[in-house]
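Visitor: Sharing data21.csv, CSV, C-alpha atoms:
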```csv
chain,number,residue,atom,x,y,z
A,1,MET,CA,3.9,25.4,191.6
A,2,SER,CA,7.3,23.8,192.4
A,3,SER,CA,10.0,22.7,189.9
A,4,ARG,CA,13.0,20.5,190.2
A,5,ALA,CA,16.1,19.9,188.1
A,6,ASN,CA,16.4,16.4,186.8
A,7,ALA,CA,18.8,14.0,188.5
A,8,ASN,CA,22.1,13.4,186.9
A,9,THR,CA,22.4,9.8,188.0
A,10,LYS,CA,19.7,7.4,186.9
A,11,GLN,CA,19.0,3.7,187.0
A,12,PRO,CA,16.7,1.7,184.7
A,13,ILE,CA,13.5,0.3,186.1
A,14,GLN,CA,10.6,-1.8,185.0
A,15,ASP,CA,7.2,-0.1,184.6
A,16,ASP,CA,4.2,-2.1,183.4
A,17,ARG,CA,2.3,1.0,182.4
A,18,SER,CA,4.4,1.9,179.4
A,19,ASN,CA,6.1,0.2,176.5
A,20,SER,CA,8.7,2.9,176.1
A,21,SER,CA,12.2,1.7,176.1
A,22,SER,CA,13.7,4.8,177.6
A,23,GLU,CA,12.3,4.7,181.2
A,24,TYR,CA,14.5,5.5,184.2
A,25,ARG,CA,14.2,6.2,187.9
A,26,SER,CA,16.3,8.7,189.8
A,27,ASP,CA,18.5,7.6,192.7
A,28,ASP,CA,16.6,7.8,196.0
A,29,ASP,CA,18.3,11.1,196.8
A,30,TYR,CA,16.7,12.7,193.8
A,31,ALA,CA,13.3,10.9,193.8
A,32,TRP,CA,10.3,13.2,193.3
A,33,ILE,CA,8.2,12.0,196.2
A,34,PRO,CA,10.7,12.6,199.0
A,35,TRP,CA,11.8,15.9,197.4
A,36,TYR,CA,8.2,17.1,197.1
A,37,CYS,CA,7.3,16.1,200.7
A,38,SER,CA,10.4,18.0,202.0
A,39,LEU,CA,9.3,21.3,200.5
A,40,GLU,CA,8.3,24.1,202.9
A,41,GLY,CA,4.5,23.9,203.2
A,42,ASN,CA,4.3,20.2,202.4
A,43,GLU,CA,5.2,19.0,206.0
A,44,PHE,CA,1.8,17.4,206.4
A,45,PHE,CA,2.2,15.0,203.5
A,46,ALA,CA,3.4,11.4,204.1
A,47,GLU,CA,5.7,9.8,201.5
A,48,VAL,CA,3.5,7.5,199.4
A,49,ASP,CA,5.1,4.2,198.5
A,50,ASP,CA,6.1,3.8,194.9
A,51,GLN,CA,4.5,0.4,194.7
A,52,TYR,CA,1.2,2.0,195.7
A,53,VAL,CA,1.5,4.6,193.0
A,54,GLN,CA,2.4,2.0,190.4
A,55,ASP,CA,-0.7,0.0,191.1
A,56,GLY,CA,-3.3,1.3,188.6
A,57,PHE,CA,-6.2,0.0,190.7
A,58,ASN,CA,-5.3,2.5,193.4
A,59,LEU,CA,-5.5,5.4,190.9
A,60,THR,CA,-8.9,4.5,189.5
A,61,GLY,CA,-10.8,7.6,188.4
A,62,LEU,CA,-8.0,10.0,189.0
A,63,GLY,CA,-7.2,10.4,185.3
A,64,GLN,CA,-10.5,12.3,184.9
A,65,GLN,CA,-9.3,15.0,187.4
A,66,VAL,CA,-5.9,15.7,185.9
A,67,ILE,CA,-5.3,16.8,182.3
A,68,PHE,CA,-1.7,15.7,181.8
A,69,TYR,CA,-2.3,12.5,183.8
A,70,ASP,CA,0.3,10.2,182.2
A,71,CYS,CA,3.0,12.8,182.2
A,72,ALA,CA,2.2,13.8,185.7
A,73,LEU,CA,2.4,10.2,186.9
A,74,ASP,CA,5.7,9.7,185.1
A,75,MET,CA,7.0,12.7,186.9
A,76,ILE,CA,5.9,11.4,190.3
A,77,LEU,CA,7.6,8.0,189.6
A,78,ASP,CA,10.7,9.6,188.1
A,79,VAL,CA,10.1,8.0,184.8
A,80,GLU,CA,11.5,9.7,181.7
A,81,SER,CA,10.3,8.9,178.2
A,82,SER,CA,11.4,10.1,174.8
A,83,ASP,CA,7.7,9.9,173.8
A,84,ASN,CA,6.9,12.9,176.1
A,85,ILE,CA,8.6,16.0,174.7
A,86,LEU,CA,6.8,19.1,176.1
A,87,GLU,CA,7.1,22.8,175.5
A,88,ASP,CA,8.0,25.0,178.5
A,89,GLU,CA,4.3,26.0,179.1
A,90,GLN,CA,3.2,22.4,178.9
A,91,GLN,CA,6.0,21.4,181.3
A,92,GLU,CA,4.8,23.9,183.9
A,93,MET,CA,1.2,22.5,183.6
A,94,VAL,CA,2.6,19.0,184.0
A,95,GLU,CA,4.4,20.0,187.2
A,96,ASN,CA,1.1,21.5,188.5
A,97,ASP,CA,-0.8,18.4,187.6
A,98,ALA,CA,1.9,16.2,189.3
A,99,GLU,CA,1.3,18.1,192.6
A,100,THR,CA,-2.5,17.7,192.2
A,101,LEU,CA,-2.2,14.0,191.3
A,102,TYR,CA,0.1,13.3,194.2
A,103,GLY,CA,-2.3,15.0,196.6
A,104,LEU,CA,-5.2,12.9,195.3
A,105,ILE,CA,-3.2,9.7,195.6
A,106,HIS,CA,-2.1,10.8,199.1
A,107,ALA,CA,-5.7,11.2,200.2
A,108,ARG,CA,-6.3,7.5,199.3
A,109,TYR,CA,-3.0,6.3,200.6
A,110,ILE,CA,-3.4,7.6,204.2
A,111,LEU,CA,-6.5,5.5,204.5
A,112,THR,CA,-4.5,2.3,204.0
A,113,ASN,CA,-2.7,0.4,206.7
A,114,ARG,CA,0.7,1.6,205.6
A,115,GLY,CA,-0.5,5.1,205.1
A,116,LEU,CA,-2.1,5.3,208.5
A,117,HIS,CA,1.1,4.1,210.2
A,118,ALA,CA,3.1,6.7,208.2
A,119,MET,CA,0.8,9.4,209.6
A,120,LEU,CA,1.0,7.8,213.0
A,121,GLN,CA,4.7,8.5,213.1
A,122,LYS,CA,4.2,12.1,212.1
A,123,TYR,CA,1.4,12.4,214.7
A,124,HIS,CA,3.8,11.2,217.4
A,125,ASN,CA,6.4,13.8,216.2
A,126,CYS,CA,3.8,16.6,216.4
A,127,ASP,CA,4.5,17.3,212.7
A,128,PHE,CA,1.0,18.7,212.3
A,129,GLY,CA,1.4,21.0,215.3
A,130,ILE,CA,-0.4,21.2,218.6
A,131,CYS,CA,-3.9,22.5,219.5
A,132,PRO,CA,-3.9,26.3,220.0
A,133,ARG,CA,-6.5,25.9,222.8
A,134,VAL,CA,-4.7,26.5,226.0
A,135,LEU,CA,-6.8,24.0,228.0
A,136,CYS,CA,-5.9,21.2,225.6
A,137,LYS,CA,-2.4,21.5,226.9
A,138,GLY,CA,-0.5,20.9,223.7
A,139,HIS,CA,-2.5,18.0,222.4
A,140,PRO,CA,-1.3,17.0,218.9
A,141,LEU,CA,-3.4,17.8,215.8
A,142,LEU,CA,-4.3,15.9,212.6
A,143,PRO,CA,-4.8,17.3,209.2
A,144,ILE,CA,-8.3,17.2,207.8
A,145,GLY,CA,-10.2,18.3,204.8
A,146,ILE,CA,-13.6,20.0,205.2
A,147,SER,CA,-14.5,18.7,201.7
A,148,ASP,CA,-13.3,15.8,199.5
A,149,THR,CA,-13.7,18.0,196.4
A,150,LEU,CA,-10.7,19.9,195.0
A,151,ASN,CA,-10.3,23.6,195.2
A,152,GLU,CA,-13.0,24.2,197.9
A,153,GLU,CA,-11.1,24.6,201.2
A,154,SER,CA,-7.5,24.5,202.3
A,155,VAL,CA,-6.3,21.9,204.8
A,156,LYS,CA,-7.5,22.3,208.3
A,157,LEU,CA,-6.3,20.8,211.6
A,158,TYR,CA,-8.4,18.7,213.9
A,159,CYS,CA,-8.0,18.3,217.7
A,160,ALA,CA,-9.5,15.2,219.0
A,161,LYS,CA,-9.4,16.5,222.6
A,162,CYS,CA,-11.7,19.5,222.2
A,163,GLY,CA,-13.3,18.3,218.9
A,164,ASN,CA,-12.6,21.6,217.2
A,165,ILE,CA,-11.1,22.4,213.8
A,166,TYR,CA,-8.5,25.1,213.3
A,167,ASN,CA,-6.7,26.9,210.5
A,168,SER,CA,-2.9,26.3,210.4
A,169,LYS,CA,-1.0,29.2,212.0
A,170,TYR,CA,1.3,29.2,209.0
A,171,SER,CA,0.2,30.9,205.8
A,172,ARG,CA,2.2,28.4,203.7
A,173,HIS,CA,-0.5,25.8,204.4
A,174,ASP,CA,-3.2,28.1,202.9
A,175,HIS,CA,-2.4,26.7,199.5
A,176,VAL,CA,-2.6,23.0,200.5
A,177,ASP,CA,-5.9,21.6,199.3
A,178,GLY,CA,-8.0,20.0,202.0
A,179,ALA,CA,-9.0,17.3,199.5
A,180,PHE,CA,-5.4,15.9,199.7
A,181,PHE,CA,-6.3,14.7,203.2
A,182,GLY,CA,-10.0,14.3,203.0
A,183,THR,CA,-12.9,14.2,205.5
A,184,THR,CA,-12.4,10.6,206.6
A,185,PHE,CA,-8.8,10.5,207.7
A,186,PRO,CA,-9.0,11.6,211.4
A,187,SER,CA,-11.9,9.4,212.3
A,188,LEU,CA,-10.4,6.4,210.6
A,189,PHE,CA,-7.0,7.2,212.3
A,190,PHE,CA,-8.5,7.0,215.8
A,191,LEU,CA,-10.6,3.9,214.9
A,192,THR,CA,-7.3,2.3,213.9
A,193,PHE,CA,-5.4,3.5,216.9
A,194,PRO,CA,-8.2,3.8,219.6
A,195,GLU,CA,-5.6,3.9,222.4
A,196,LEU,CA,-4.7,7.4,221.1
A,197,MET,CA,-8.2,8.8,221.3
A,198,PRO,CA,-8.3,11.2,224.2
A,199,GLN,CA,-11.1,11.7,226.6
A,200,GLY,CA,-13.0,14.9,225.8
A,201,SER,CA,-11.6,17.9,227.5
A,202,LYS,CA,-13.6,18.7,230.6
A,203,ASP,CA,-11.5,21.7,231.3
A,204,LYS,CA,-13.4,24.9,230.5
A,205,PHE,CA,-12.6,28.5,231.2
A,206,GLN,CA,-14.5,29.8,234.1
A,207,PRO,CA,-14.9,33.6,234.2
A,208,LYS,CA,-14.2,35.1,237.6
A,209,VAL,CA,-14.5,38.6,239.2
A,210,PHE,CA,-12.3,39.1,242.2
A,211,GLY,CA,-12.0,35.4,242.6
A,212,PHE,CA,-15.8,34.7,242.5
A,213,LYS,CA,-17.2,32.6,239.6
A,214,VAL,CA,-19.6,34.5,237.3
A,215,SER,CA,-22.9,32.8,236.9
A,216,LYS,CA,-24.3,32.0,233.4
A,217,ASN,CA,-27.2,34.5,233.8
A,218,ALA,CA,-25.1,37.2,235.3
A,219,TYR,CA,-24.6,38.9,231.9
A,220,SER,CA,-28.3,38.9,231.0
A,221,LYS,CA,-29.1,40.4,234.4
A,222,SER,CA,-26.4,43.1,234.0
A,223,LEU,CA,-27.8,43.9,230.5
A,224,GLU,CA,-31.3,44.2,231.9
A,225,ALA,CA,-30.1,46.5,234.7
A,226,LYS,CA,-28.3,48.7,232.2
A,227,LYS,CA,-31.4,49.0,230.1
A,228,LYS,CA,-33.4,50.1,233.1
A,229,GLN,CA,-30.7,52.6,234.0
A,230,SER,CA,-30.7,54.0,230.5
A,231,ALA,CA,-34.5,54.3,230.5
A,232,SER,CA,-34.5,56.0,233.9
A,233,SER,CA,-31.9,58.5,232.7
A,234,TYR,CA,-33.9,59.3,229.6
A,235,GLU,CA,-37.0,60.0,231.6
A,236,ARG,CA,-35.2,62.3,234.0
A,237,LYS,CA,-33.8,64.3,231.0
A,238,LYS,CA,-37.4,64.8,229.7
```
Kindly transcribe the structure held in the file into structure tokens.
Guide:
Amino acid sequence: MSSRANANTKQPIQDDRSNSSSEYRSDDDYAWIPWYCSLEGNEFFAEVDDQYVQDGFNLTGLGQQVIFYDCALDMILDVESSDNILEDEQQEMVENDAETLYGLIHARYILTNRGLHAMLQKYHNCDFGICPRVLCKGHPLLPIGISDTLNEESVKLYCAKCGNIYNSKYSRHDHVDGAFFGTTFPSLFFLTFPELMPQGSKDKFQPKVFGFKVSKNAYSKSLEAKKKQSASSYERKK
């Protein structure tokens, strides 16, 4: 759970969701979305456009997954209202819900054209890291969720070159829910930018002994010979 002090300088905004007369947005320097995305451990997140968040159609069904939905949404949009006076315990729950709600919105946003391009820039910058497989030679990764359901798996990293999925090497990503990226994103990403889809890696490690390649059936033959040797030794001891 992350917390943030309220901005001191605010400007009034229009918000069609509420009739409250005391609604404000923080200056861009204090806006919740860029602040949240800048936190350590949140490097994989793209900054969702305010307009996308303000469009209720994009948030259809999310209210059922977040208890303090309205308050959490106000927090994400930097909206303050005199109608929402919370106790300290409730405030902490709202902050947690804001993080969850943003993650769920983010999973939808990165499937849009603008969201895909935002992730494209991060992909080019290798913000998601590079494949740990040596033979992939530093190919950039993409975040992926093994499940689209909350609280099942943390975010993983997908390499399109070898087709494997990896855990992040940083423990700070263990607490980032994979549902905030979803199962669809990497596939849609490369369908949108097919020129970035690499050819499958043909490089495979070839075991060698003194410079000679080890055949596939060499291990089974070695095991069979060892069993015969063990049986022969057992018979001699008898």
Visitor: State, in Å with one decimal place, the distance from CA of Asn125 (chain A) to CA of Arg108 (chain A).
Guide: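 A separation of 22.1 Å between them.
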Visitor: Enumerate, in order of chain and increasing residue number, the residues of region 66-154 of chain A with an atom no farther than 9 Å from region 28-44 of chain A, each with its shortest atom pair and distance in Å to one decimal, counting all atoms listed in the file, as JSON lines.
Guide:
```
{"residue": "A:Met75", "atom": "CA", "partner": "A:Trp32", "partner_atom": "CA", "distance": 7.2}
{"residue": "A:Ile76", "atom": "CA", "partner": "A:Trp32", "partner_atom": "CA", "distance": 5.6}
{"residue": "A:Leu77", "atom": "CA", "partner": "A:Trp32", "partner_atom": "CA", "distance": 6.9}
{"residue": "A:Asp78", "atom": "CA", "partner": "A:Trp32", "partner_atom": "CA", "distance": 6.3}
{"residue": "A:Glu99", "atom": "CA", "partner": "A:Tyr36", "partner_atom": "CA", "distance": 8.3}
{"residue": "A:Tyr102", "atom": "CA", "partner": "A:Ile33", "partner_atom": "CA", "distance": 8.4}
{"residue": "A:Met119", "atom": "CA", "partner": "A:Phe44", "partner_atom": "CA", "distance": 8.7}
{"residue": "A:Lys122", "atom": "CA", "partner": "A:Phe44", "partner_atom": "CA", "distance": 8.1}
{"residue": "A:Asp127", "atom": "CA", "partner": "A:Phe44", "partner_atom": "CA", "distance": 6.9}
{"residue": "A:Phe128", "atom": "CA", "partner": "A:Phe44", "partner_atom": "CA", "distance": 6.1}
{"residue": "A:Leu142", "atom": "CA", "partner": "A:Phe44", "partner_atom": "CA", "distance": 8.8}
{"residue": "A:Pro143", "atom": "CA", "partner": "A:Phe44", "partner_atom": "CA", "distance": 7.2}
```
Visitor: When you look at Thr183 (chain A) with a cut-off of 7 Å (counting all atoms listed in the file), what residues show up, excluding the ones that are within fewer than 5 positions of it in the same chain? I need them as a compact mmCIF listing (two decimals) with C-alpha atoms, in the frame of the given file.
Guide:
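Result file part_11.txt:
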```txt
# COMPACT_ATOMS: atom_id res chain seq x y z
CA ILE A 144 -8.30 17.20 207.80
CA GLY A 145 -10.20 18.30 204.80
CA ILE A 146 -13.60 20.00 205.20
CA SER A 147 -14.50 18.70 201.70
CA ASP A 148 -13.30 15.80 199.50
```
Visitor: Kindly indicate which residue among A:Val134, A:Leu141, A:Val155, A:Leu223 lies nearest to Asp203 (chain A), using all atoms listed in the file for the distances.
Guide: A:Val134
Visitor: List as a VMD selection string the residues having at least one atom at most 12 Å from position (-11.3, 12.6, 227.6) as given in the file, counting all atoms listed in the file.
Guide: chain A and resid 136 139 159 to 163 195 to 203
Visitor: Take CA of Leu120 (chain A) and CA of Ser187 (chain A) and report the distance between them in Å, one decimal.
Guide: 13.0 Å
Visitor: For each of A:Ser232, A:Ile130, A:Tyr219, A:Phe57, take the minimum atom-to-atom distance to Tyr158 (chain A), counting all atoms listed in the file, then give the residue where this is smallest.
Guide: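 So, comparing all the options, the nearest one is A:Ile130.
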Visitor: Report, in Å with one decimal, the straight-line distance from CA of Asn167 (chain A) to CA of Ile105 (chain A).
Guide: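 Atom-to-atom, CA of Asn167 (chain A) to CA of Ile105 (chain A), that is 23.0 Å.
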